[in-house]
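Asker: Below: one structure in structure tokens.
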Amino acid sequence: MTEKLTICLIGPKKGGKSSLLASLVDCVAQSAFGYSPRLRPALQPILETEFYAENTEPRKADLLNVEQGDYERLRREFAEGGVATDTLDTYEYRFRLTVNGEAPPAALLRGPWLLEIVDSAGEIAVPPDGAEVAILNDVKAKLAGQMLDSDAIVIVLPLVRLEDSGWSGTLARLIDRLTLAQGKKLKRLIVVFSQYERLFARLGPSAFTYACDPAVALHTLRKSLRAAQWLDRLRALEAPRDGVSVRFTVCSAYGFAKRFQNPNIDPHQPGERRFRRAGLEGARAYGEYWRPFLTAEPIIYAALGLDSAFTFSYAQLDARGEEAA
Ligand SMILES: Nc1nc2c(ncn2[C@@H]2O[C@H](COP(=O)(O)OP(=O)(O)OP(=O)(O)O)[C@@H](O)[C@H]2O)c(=O)[nH]1
Ligand SMILES: [Mg+2]
């Protein structure tokens, strides 16, 4: 039987939610994840009508919907440098996930899964500390409802700006409210630090080798989570009463340049520009120079509860061997 799952992406403005989502299908297609390649997952964007097909007759009007282009539009916007998500609504993208290879627990054979992934502007759920951001009440209520109804929540945070982040207070309060909320369906919560490739910007062609080492990711997570005042609050969610499994991971929507193995940022361009060859537009341009890295991790874990070499539990974060200091 197909199982339907809702996953909410939450995190501050410019955290990388939309980029993670836009690069997700490519990450799965290119096997740029930390799961065993023998898992052979496949992820494909689908129409709203297909998502609801089992329960209801698709309405005629749906056939004329331009919704099919929504995910393509998101990918195009990302390829062109990214667009901030507006605060007027929350946006649902739907996918079919299948696992075509070896999956560890027998239960996994139940697929395919139909995923509804909710993207929204960061200012709605995690506005800057102390700021008054005007958001329509019904948009807030819609997102709150979607969070309570979701099977998994993915919190996307920019790795490199944690110290001077202006949102850790609102994030802590959101986590508290989530912990206290009655009647939530939540089974899994994943914290993912985006823009992971930026850490390796000085390592040239060795960058990809280091990034592929899960021990480096674990070390990075321990280090950046030290500054996170909300970390212990999140632990309360894992208490037996709630039974939510929490994982930490890293990802990079830009990834690494295929040919050079270095972070996919062009050092000869001002600011942080991705490699781009003049005259190559859209899909072809990022086919050549852009490879997402680990953006599948939070979503596959959110959907299936399946760990990869790059998803870490509290127990793994806490286990301090030679790491201490
Ligand atoms: N270096 C680097 N930059 C990234 C990466 N992913 C996203 N960015 C940049 O980070 C910025 C924010 O990304 P978005 O995906 O729009 O963030 P968001 O969380 O959707 O933001 P809102 O919609 O405003 O809430 C954009 O300028 C992206 O180009 C990445 O993997 N590496
Ligand atoms: Mg966005």
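Residues in the structure tokens are numbered from 1 in each chain, the chains being A, B, ... in the order shown, and ligands are numbered from 1 in the order shown.
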Hey, what's within 9 Å of Leu39 in chain A if we count only C-alpha atoms and toss same-chain stuff fewer than 4 positions away? As a ChimeraX atom specification, please?
Answerer: /A:35,99-104
Asker: Find the residues around range 116-123 of chain A up to 6 Å (only C-alpha atoms counted), leave out those fewer than 5 positions away in its own chain, and share them as a list in words.
Answerer: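 Contacts, in chain order: Thr6, Ile7, Cys8, Leu9, Gly11, Pro12, Lys13, Thr85, Asp86, Thr87, Thr90, Tyr91, Glu92, Tyr93 and Arg94 of chain A.
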Asker: I need the strand (DSSP E or B) residues of range 95-287 of chain A per DSSP on the backbone, written as a PyMOL selection string.
Answerer: chain A and resi 95-99+113-119+152-158+188-194+245-250+252+255-256+263+265+274
Asker: With only C-alpha atoms and all ligand atoms as the atoms that count, which of A:Phe260, A:Tyr254, A:Tyr210, A:Trp113 lies nearest to ligand 1?
Answerer: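 Under the stated criterion, the closest residue is A:Tyr254.
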Asker: From the DSSP assignment of the backbone, select every residue of range 197-238 of chain A that is alpha helix (DSSP H), and format the answer as JSON, numbers by chain.
Answerer: {"A": [207, 208, 209, 210, 211, 214, 215, 216, 217, 218, 219, 220, 221, 222, 223, 224, 225, 231, 232, 233, 234, 235, 236, 237]}
